[in-house]
Amino acid sequence: MGLIIHVDGGARGNPGPAGAGVVIRSEDGTLLFEAAYFLGKQTSNSAEYHALIRALQRAQCFGDQPICVYSDSELLVRQITGQYRVKSPRLRQFFEQAQALLLKLSCWNLRYVPREENRRADQLANLAIDRRGDIIVHDLGAEQAASAAPGEPLAEPAAAPVTADAQAAESAPAEAPAGPTSAEHGVRVVVTRPPDPQECPAGGCAFYSLTVRGTLPAELCVHAAHAILPTLLAMLNTDPQEFVALPTMTVRCTRSGCSAAFHVSPVRSSNGVPHREVE
C-alpha cells in the first residue's frame, strides 16, 4: 500500500492572504485526509511549500509507507528534486524543512501535474483564504484514533505559519531510514564543469565520474555535496519501476564564486565511461 497526496498553495496579491490545500488518499482511492490551511500573508511560492510541509507532517500519522506527492508548482517540484537552485533565503528554510521530513520516509516521489489534475487541492487552498481559517474537511486517522482511545486527541500539525523557530523544532536531526530499494540503485555524478581550484575548499574535484550508492567521497566539497544531495536522495528513493526512466539532472555548486556543475543520472548500464564506485 501507499499514499497518494495532492498539494496546492496560493496567495491573492503575492504576497497576500494565502492558503494551502492537502488531499491524502490510499492507493485504492480511499479518502484519508482533506484539509484547508489559512497561512496569513505569504507569497504563492511560500504557500506551495507550506502545503507540501503540512502534507508530509500529516502523512506521518499513517505510518511509514511509500508516498507519491502531486503538485502543480513546477518551481516546488524542481527545487525539491534538485533541478532548480533555491536562491530565496525564505524559501530555503521551507526547502530544508521539507527535505528533513522527506528523509524520514523510506520511499517517496514528487511529481508535477497540470492544474486541472490538482483541482481539489486548489479548491481547498481557496477555501482557506475565503474562510480566513483552517478547515479539516475529512480525517480518517483522527476518527480511528477517537474510536480506539476516546478523550486522547490526535496531534495535528501546527496551524500557525512555519517560522525559522518552528522549522528548527520540526527538523531536529534524525537518521534517515534506509529505503528498501536504495541499495539496488546507483546514481552517477559526472563533472561537466570543474570548480576553480582557487575557489573550491577541496582544491577541485578529484574525480571525473563516480557512482554513488550509499556514501559520498571524502574529497567532494561540502558545498557541492549540499547541492547534490537532494537530487541523489530523490533518485535513490524512487520506485524501481520508475528509476530507469529518470532524466539526467544538472546540479550546480551553491558556493559563491564557484562555477562547478554536475550531471546526476541513474545508472542504467555500463557505457564504457570510467567511473568510481562509492559504496
# chains A, B, ... in the order shown; residues from 1 in each chain; ligands from 1

call {"tool": "residues_around", "arguments": {"residues": "Ala206 in chain A", "least_positions_apart": "4", "cutoff": "12 Å", "atoms": "only C-alpha atoms", "output": "number ranges by chain"}}
result
A: 190-191, 194-195, 197, 200, 202, 210, 217-221, 275-276

call {"tool": "write_last_selection", "arguments": {"atoms": "N, CA and C atoms", "output": "PDB file, in the first residue's frame"}}
result
ATOM      1  N   VAL A 190      28.618  13.096 -12.784  1.00  0.00           N
ATOM      2  CA  VAL A 190      29.660  13.424 -13.756  1.00  0.00           C
ATOM      3  C   VAL A 190      29.955  14.918 -13.678  1.00  0.00           C
ATOM      4  N   VAL A 191      31.220  15.273 -13.574  1.00  0.00           N
ATOM      5  CA  VAL A 191      31.620  16.682 -13.524  1.00  0.00           C
ATOM      6  C   VAL A 191      31.567  17.242 -14.944  1.00  0.00           C
ATOM      7  N   PRO A 194      34.417  21.667 -14.012  1.00  0.00           N
ATOM      8  CA  PRO A 194      35.148  21.553 -12.746  1.00  0.00           C
ATOM      9  C   PRO A 194      35.206  22.890 -12.019  1.00  0.00           C
ATOM     10  N   PRO A 195      35.312  22.854 -10.713  1.00  0.00           N
ATOM     11  CA  PRO A 195      35.409  24.095  -9.937  1.00  0.00           C
ATOM     12  C   PRO A 195      36.778  24.743 -10.102  1.00  0.00           C
ATOM     13  N   PRO A 197      40.062  25.704  -8.774  1.00  0.00           N
ATOM     14  CA  PRO A 197      40.836  25.218  -7.621  1.00  0.00           C
ATOM     15  C   PRO A 197      41.109  26.307  -6.587  1.00  0.00           C
ATOM     16  N   CYS A 200      37.549  26.530  -4.694  1.00  0.00           N
ATOM     17  CA  CYS A 200      36.992  25.323  -4.074  1.00  0.00           C
ATOM     18  C   CYS A 200      37.743  24.958  -2.800  1.00  0.00           C
ATOM     19  N   ALA A 202      37.962  22.188  -1.467  1.00  0.00           N
ATOM     20  CA  ALA A 202      38.594  20.883  -1.648  1.00  0.00           C
ATOM     21  C   ALA A 202      39.725  20.933  -2.665  1.00  0.00           C
ATOM     22  N   LEU A 210      31.693   9.338 -10.931  1.00  0.00           N
ATOM     23  CA  LEU A 210      31.599   8.372  -9.850  1.00  0.00           C
ATOM     24  C   LEU A 210      30.164   7.893  -9.724  1.00  0.00           C
ATOM     25  N   PRO A 217      32.062  10.585  -1.647  1.00  0.00           N
ATOM     26  CA  PRO A 217      33.515  10.529  -1.485  1.00  0.00           C
ATOM     27  C   PRO A 217      34.018  11.632  -0.575  1.00  0.00           C
ATOM     28  N   ALA A 218      35.088  11.348   0.143  1.00  0.00           N
ATOM     29  CA  ALA A 218      35.613  12.309   1.120  1.00  0.00           C
ATOM     30  C   ALA A 218      36.129  13.578   0.460  1.00  0.00           C
ATOM     31  N   GLU A 219      36.600  13.481  -0.789  1.00  0.00           N
ATOM     32  CA  GLU A 219      37.196  14.659  -1.428  1.00  0.00           C
ATOM     33  C   GLU A 219      36.172  15.598  -2.054  1.00  0.00           C
ATOM     34  N   LEU A 220      34.900  15.300  -1.957  1.00  0.00           N
ATOM     35  CA  LEU A 220      33.871  16.169  -2.523  1.00  0.00           C
ATOM     36  C   LEU A 220      33.644  17.364  -1.604  1.00  0.00           C
ATOM     37  N   CYS A 221      33.719  18.554  -2.160  1.00  0.00           N
ATOM     38  CA  CYS A 221      33.497  19.785  -1.393  1.00  0.00           C
ATOM     39  C   CYS A 221      32.134  19.755  -0.704  1.00  0.00           C
ATOM     40  N   HIS A 275      34.473   5.343 -14.254  1.00  0.00           N
ATOM     41  CA  HIS A 275      33.892   5.977 -13.078  1.00  0.00           C
ATOM     42  C   HIS A 275      34.272   5.171 -11.845  1.00  0.00           C
ATOM     43  N   ARG A 276      34.137   5.808 -10.693  1.00  0.00           N
ATOM     44  CA  ARG A 276      34.459   5.161  -9.448  1.00  0.00           C
ATOM     45  C   ARG A 276      33.206   4.716  -8.742  1.00  0.00           C
TER      46      ARG A 276
END

call {"tool": "residues_around", "arguments": {"residues": "Leu52 in chain A", "least_positions_apart": "6", "cutoff": "8 Å", "atoms": "only C-alpha atoms", "output": "list of chain:residue names"}}
result
A:Val7, A:Asp8, A:Val22, A:Ala98

call {"tool": "write_last_selection", "arguments": {"atoms": "N, CA and C atoms", "output": "CSV table (one decimal), in the first residue's frame"}}
result
chain,number,residue,atom,x,y,z
A,7,VAL,N,-1.2,18.4,-3.3
A,7,VAL,CA,-1.0,19.6,-2.5
A,7,VAL,C,-1.1,20.8,-3.4
A,8,ASP,N,-1.5,22.0,-2.9
A,8,ASP,CA,-1.6,23.2,-3.6
A,8,ASP,C,-1.5,24.4,-2.7
A,22,VAL,N,-4.5,20.3,1.1
A,22,VAL,CA,-3.9,18.9,1.2
A,22,VAL,C,-5.0,17.9,1.0
A,98,ALA,N,11.2,20.7,4.4
A,98,ALA,CA,10.6,19.6,3.6
A,98,ALA,C,11.6,18.5,3.4

call {"tool": "select_by_dssp", "arguments": {"residues": "range 29-165 of chain A", "states": "strand (DSSP E)", "output": "list in words"}}
result
Leu31, Leu32, Phe33, Glu34, Ala35, Ala36, Tyr37, Phe38, Leu39, Gly40, Lys41, Gln42, Ile67, Cys68, Val69, Tyr70, Ser71, Trp108, Asn109, Leu110, Arg111, Tyr112, Ile135, Ile136, Val137, His138 and Asp139 of chain A

call {"tool": "atom_distance", "arguments": {"atom1": "CA of Pro89 in chain A", "atom2": "CA of Gly19 in chain A"}}
result
20.8 Å

call {"tool": "atom_distance", "arguments": {"atom1": "CA of Phe33 in chain A", "atom2": "CA of Val137 in chain A"}}
result
7.5 Å

call {"tool": "closest_residue", "arguments": {"among": "A:Pro240, A:Glu116, A:His6, A:Lys104", "to": "Gly63 in chain A", "atoms": "only C-alpha atoms"}}
result
A:Lys104

call {"tool": "closest_residue", "arguments": {"among": "A:Leu39, A:Leu91, A:Leu233, A:Leu140", "to": "Ile24 in chain A", "atoms": "only C-alpha atoms"}}
result
A:Leu140

call {"tool": "residues_around", "arguments": {"residues": "Arg115 in chain A", "least_positions_apart": "4", "cutoff": "10 Å", "atoms": "only C-alpha atoms", "output": "number ranges by chain"}}
result
A: 8, 71-73, 119-122

call {"tool": "residues_around", "arguments": {"residues": "range 125-130 of chain A", "least_positions_apart": "2", "cutoff": "12 Å", "atoms": "only C-alpha atoms", "output": "ChimeraX atom specification"}}
result
/A:6-13,16-23,34-42,44,47-48,50-51,118-123,132-137,159

call {"tool": "write_last_selection", "arguments": {"atoms": "N, CA and C atoms", "output": "tab-separated table (two decimals), in the first residue's frame"}}
result
chain	number	residue	atom	x	y	z
A	6	HIS	N	-2.13	15.06	-2.94
A	6	HIS	CA	-2.19	16.25	-3.80
A	6	HIS	C	-2.05	17.48	-2.91
A	7	VAL	N	-1.20	18.41	-3.30
A	7	VAL	CA	-0.99	19.64	-2.52
A	7	VAL	C	-1.08	20.85	-3.45
A	8	ASP	N	-1.54	21.96	-2.87
A	8	ASP	CA	-1.56	23.21	-3.63
A	8	ASP	C	-1.53	24.37	-2.65
A	9	GLY	N	-0.91	25.45	-3.07
A	9	GLY	CA	-0.87	26.66	-2.26
A	9	GLY	C	-1.00	27.87	-3.17
A	10	GLY	N	-1.59	28.92	-2.65
A	10	GLY	CA	-1.75	30.12	-3.45
A	10	GLY	C	-1.95	31.34	-2.59
A	11	ALA	N	-1.72	32.50	-3.19
A	11	ALA	CA	-1.89	33.77	-2.48
A	11	ALA	C	-2.59	34.76	-3.38
A	12	ARG	N	-3.41	35.59	-2.79
A	12	ARG	CA	-4.10	36.64	-3.53
A	12	ARG	C	-3.39	37.96	-3.26
A	13	GLY	N	-2.58	38.37	-4.22
A	13	GLY	CA	-1.80	39.59	-4.04
A	13	GLY	C	-0.32	39.34	-4.18
A	16	GLY	N	0.10	38.13	-0.19
A	16	GLY	CA	-1.25	38.48	0.21
A	16	GLY	C	-1.85	37.34	1.00
A	17	PRO	N	-3.15	37.41	1.30
A	17	PRO	CA	-3.79	36.30	2.02
A	17	PRO	C	-3.54	34.99	1.27
A	18	ALA	N	-3.07	33.99	2.00
A	18	ALA	CA	-2.65	32.75	1.35
A	18	ALA	C	-3.29	31.54	2.01
A	19	GLY	N	-3.39	30.47	1.24
A	19	GLY	CA	-3.96	29.23	1.75
A	19	GLY	C	-3.25	28.03	1.15
A	20	ALA	N	-3.40	26.89	1.83
A	20	ALA	CA	-2.82	25.64	1.36
A	20	ALA	C	-3.88	24.56	1.41
A	21	GLY	N	-3.88	23.68	0.42
A	21	GLY	CA	-4.81	22.56	0.38
A	21	GLY	C	-4.06	21.25	0.33
A	22	VAL	N	-4.54	20.26	1.08
A	22	VAL	CA	-3.92	18.95	1.16
A	22	VAL	C	-4.98	17.87	1.02
A	23	VAL	N	-4.75	16.92	0.13
A	23	VAL	CA	-5.64	15.77	-0.04
A	23	VAL	C	-4.78	14.51	0.02
A	34	GLU	N	-8.45	15.41	4.18
A	34	GLU	CA	-8.61	16.62	3.38
A	34	GLU	C	-8.60	17.81	4.31
A	35	ALA	N	-7.81	18.82	3.98
A	35	ALA	CA	-7.75	19.98	4.85
A	35	ALA	C	-7.39	21.24	4.07
A	36	ALA	N	-7.87	22.35	4.60
A	36	ALA	CA	-7.56	23.67	4.06
A	36	ALA	C	-6.89	24.46	5.18
A	37	TYR	N	-5.75	25.08	4.90
A	37	TYR	CA	-5.00	25.82	5.92
A	37	TYR	C	-4.84	27.28	5.51
A	38	PHE	N	-5.23	28.17	6.41
A	38	PHE	CA	-5.03	29.60	6.17
A	38	PHE	C	-3.65	29.97	6.66
A	39	LEU	N	-2.86	30.64	5.83
A	39	LEU	CA	-1.45	30.89	6.11
A	39	LEU	C	-1.13	32.34	6.42
A	40	GLY	N	-2.15	33.22	6.44
A	40	GLY	CA	-1.87	34.63	6.62
A	40	GLY	C	-1.28	35.22	5.36
A	41	LYS	N	-0.41	36.19	5.51
A	41	LYS	CA	0.20	36.86	4.35
A	41	LYS	C	1.43	36.10	3.91
A	42	GLN	N	1.40	35.58	2.69
A	42	GLN	CA	2.50	34.81	2.15
A	42	GLN	C	2.60	35.07	0.64
A	44	SER	N	2.97	33.22	-3.16
A	44	SER	CA	2.43	31.97	-3.72
A	44	SER	C	3.44	30.83	-3.56
A	47	ALA	N	3.47	29.58	-0.07
A	47	ALA	CA	2.25	28.81	0.18
A	47	ALA	C	2.37	27.39	-0.37
A	48	GLU	N	3.02	27.24	-1.52
A	48	GLU	CA	3.22	25.91	-2.09
A	48	GLU	C	4.07	25.05	-1.15
A	50	HIS	N	4.37	25.49	2.12
A	50	HIS	CA	3.56	25.21	3.30
A	50	HIS	C	2.66	24.01	3.05
A	51	ALA	N	2.07	23.94	1.86
A	51	ALA	CA	1.18	22.83	1.53
A	51	ALA	C	1.93	21.50	1.57
A	118	ASN	N	-5.14	18.84	-10.40
A	118	ASN	CA	-4.90	19.13	-8.98
A	118	ASN	C	-6.04	19.98	-8.43
A	119	ARG	N	-7.21	19.82	-9.01
A	119	ARG	CA	-8.33	20.73	-8.76
A	119	ARG	C	-8.79	20.75	-7.30
A	120	ARG	N	-8.89	19.57	-6.68
A	120	ARG	CA	-9.42	19.53	-5.31
A	120	ARG	C	-8.49	20.26	-4.33
A	121	ALA	N	-7.20	20.05	-4.46
A	121	ALA	CA	-6.25	20.75	-3.58
A	121	ALA	C	-6.34	22.26	-3.79
A	122	ASP	N	-6.53	22.69	-5.03
A	122	ASP	CA	-6.68	24.12	-5.33
A	122	ASP	C	-7.95	24.67	-4.69
A	123	GLN	N	-9.03	23.91	-4.74
A	123	GLN	CA	-10.29	24.34	-4.11
A	123	GLN	C	-10.11	24.52	-2.61
A	132	ARG	N	-10.69	32.43	5.92
A	132	ARG	CA	-9.68	33.00	6.82
A	132	ARG	C	-9.43	32.10	8.03
A	133	GLY	N	-9.35	30.80	7.78
A	133	GLY	CA	-9.12	29.87	8.88
A	133	GLY	C	-8.85	28.47	8.37
A	134	ASP	N	-8.38	27.61	9.28
A	134	ASP	CA	-8.11	26.21	8.93
A	134	ASP	C	-9.40	25.40	8.97
A	135	ILE	N	-9.53	24.48	8.03
A	135	ILE	CA	-10.72	23.63	7.97
A	135	ILE	C	-10.27	22.20	7.70
A	136	ILE	N	-10.53	21.30	8.65
A	136	ILE	CA	-10.28	19.88	8.45
A	136	ILE	C	-11.56	19.29	7.88
A	137	VAL	N	-11.57	19.01	6.60
A	137	VAL	CA	-12.77	18.53	5.93
A	137	VAL	C	-13.01	17.06	6.25
A	159	ALA	N	-1.10	25.04	13.27
A	159	ALA	CA	-1.88	25.83	12.33
A	159	ALA	C	-1.18	27.12	11.93

call {"tool": "atom_distance", "arguments": {"atom1": "CA of Cys107 in chain A", "atom2": "CA of Gly82 in chain A"}}
result
17.0 Å

call {"tool": "residues_around", "arguments": {"residues": "Ser256 in chain A", "least_positions_apart": "3", "cutoff": "10 Å", "atoms": "only C-alpha atoms", "output": "VMD selection string"}}
result
chain A and resid 199 to 200 223 253 259

call {"tool": "write_last_selection", "arguments": {"atoms": "N, CA and C atoms", "output": "compact mmCIF listing (two decimals), in the first residue's frame"}}
result
# COMPACT_ATOMS: atom_id res chain seq x y z
N GLU A 199 38.99 28.63 -5.77
CA GLU A 199 37.75 28.93 -5.06
C GLU A 199 37.22 27.74 -4.26
N CYS A 200 37.55 26.53 -4.69
CA CYS A 200 36.99 25.32 -4.07
C CYS A 200 37.74 24.96 -2.80
N HIS A 223 30.11 22.10 -0.10
CA HIS A 223 29.13 22.93 -0.79
C HIS A 223 28.53 22.19 -1.99
N CYS A 253 27.07 23.87 -7.99
CA CYS A 253 27.56 24.11 -6.64
C CYS A 253 26.96 25.41 -6.10
N SER A 259 31.83 27.88 -10.07
CA SER A 259 31.03 27.63 -11.27
C SER A 259 30.90 26.14 -11.56

call {"tool": "residues_around", "arguments": {"residues": "Arg111 in chain A", "least_positions_apart": "3", "cutoff": "12 Å", "atoms": "only C-alpha atoms", "output": "ChimeraX atom specification"}}
result
/A:4-7,52,67-81,108,114,117-118,234,238,242,246

call {"tool": "write_last_selection", "arguments": {"atoms": "N, CA and C atoms", "output": "compact mmCIF listing (two decimals), in the first residue's frame"}}
result
# COMPACT_ATOMS: atom_id res chain seq x y z
N ILE A 4 -1.35 8.51 -1.85
CA ILE A 4 -1.39 9.43 -2.98
C ILE A 4 -1.79 10.79 -2.42
N ILE A 5 -0.92 11.79 -2.59
CA ILE A 5 -1.13 13.09 -1.96
C ILE A 5 -1.14 14.19 -3.03
N HIS A 6 -2.13 15.06 -2.94
CA HIS A 6 -2.19 16.25 -3.80
C HIS A 6 -2.05 17.48 -2.91
N VAL A 7 -1.20 18.41 -3.30
CA VAL A 7 -0.99 19.64 -2.52
C VAL A 7 -1.08 20.85 -3.45
N LEU A 52 3.12 21.48 0.98
CA LEU A 52 3.91 20.25 0.99
C LEU A 52 4.30 19.85 2.41
N ILE A 67 4.97 7.10 -0.50
CA ILE A 67 4.06 8.19 -0.84
C ILE A 67 4.41 8.76 -2.21
N CYS A 68 3.39 9.25 -2.89
CA CYS A 68 3.59 9.96 -4.15
C CYS A 68 2.84 11.28 -4.03
N VAL A 69 3.58 12.39 -4.11
CA VAL A 69 3.00 13.71 -3.95
C VAL A 69 2.88 14.38 -5.32
N TYR A 70 1.71 14.95 -5.59
CA TYR A 70 1.46 15.66 -6.84
C TYR A 70 1.26 17.14 -6.55
N SER A 71 1.93 17.99 -7.34
CA SER A 71 1.83 19.44 -7.20
C SER A 71 1.80 20.07 -8.58
N ASP A 72 1.07 21.19 -8.70
CA ASP A 72 1.07 21.90 -9.99
C ASP A 72 2.07 23.05 -10.00
N SER A 73 2.98 23.06 -9.03
CA SER A 73 4.04 24.06 -8.97
C SER A 73 5.33 23.47 -9.52
N GLU A 74 5.71 23.89 -10.72
CA GLU A 74 6.97 23.41 -11.30
C GLU A 74 8.16 23.84 -10.45
N LEU A 75 8.10 25.06 -9.90
CA LEU A 75 9.20 25.55 -9.07
C LEU A 75 9.42 24.64 -7.87
N LEU A 76 8.35 24.31 -7.17
CA LEU A 76 8.45 23.45 -5.98
C LEU A 76 9.03 22.10 -6.35
N VAL A 77 8.48 21.48 -7.38
CA VAL A 77 8.92 20.13 -7.76
C VAL A 77 10.39 20.14 -8.18
N ARG A 78 10.78 21.12 -8.98
CA ARG A 78 12.15 21.15 -9.48
C ARG A 78 13.17 21.56 -8.42
N GLN A 79 12.74 22.37 -7.44
CA GLN A 79 13.66 22.69 -6.35
C GLN A 79 13.85 21.49 -5.43
N ILE A 80 12.78 20.80 -5.10
CA ILE A 80 12.88 19.65 -4.20
C ILE A 80 13.71 18.54 -4.84
N THR A 81 13.55 18.34 -6.15
CA THR A 81 14.29 17.27 -6.83
C THR A 81 15.67 17.71 -7.32
N TRP A 108 9.62 7.77 -1.58
CA TRP A 108 8.73 8.86 -1.95
C TRP A 108 9.01 9.33 -3.37
N PRO A 114 -0.52 19.12 -14.24
CA PRO A 114 -1.23 20.35 -14.62
C PRO A 114 -2.28 20.71 -13.57
N GLU A 117 -5.47 18.74 -13.03
CA GLU A 117 -5.37 17.45 -12.35
C GLU A 117 -5.14 17.61 -10.85
N ASN A 118 -5.14 18.84 -10.40
CA ASN A 118 -4.90 19.13 -8.98
C ASN A 118 -6.04 19.98 -8.43
N ALA A 234 16.41 11.98 -3.88
CA ALA A 234 15.19 11.82 -4.65
C ALA A 234 15.30 10.63 -5.60
N THR A 238 13.42 6.52 -5.42
CA THR A 238 12.42 6.34 -6.47
C THR A 238 12.04 4.87 -6.60
N GLU A 242 10.23 3.02 -11.91
CA GLU A 242 10.37 4.35 -12.49
C GLU A 242 11.82 4.83 -12.52
N LEU A 246 14.25 7.91 -15.07
CA LEU A 246 14.58 9.22 -14.54
C LEU A 246 15.51 9.97 -15.50

call {"tool": "closest_residue", "arguments": {"among": "A:Pro266, A:Gly214, A:Gly2, A:Gly204", "to": "Val187 in chain A", "atoms": "only C-alpha atoms"}}
result
A:Pro266

call {"tool": "closest_residue", "arguments": {"among": "A:Gln99, A:His138, A:Gly203, A:Gln83", "to": "Leu124 in chain A", "atoms": "only C-alpha atoms"}}
result
A:His138
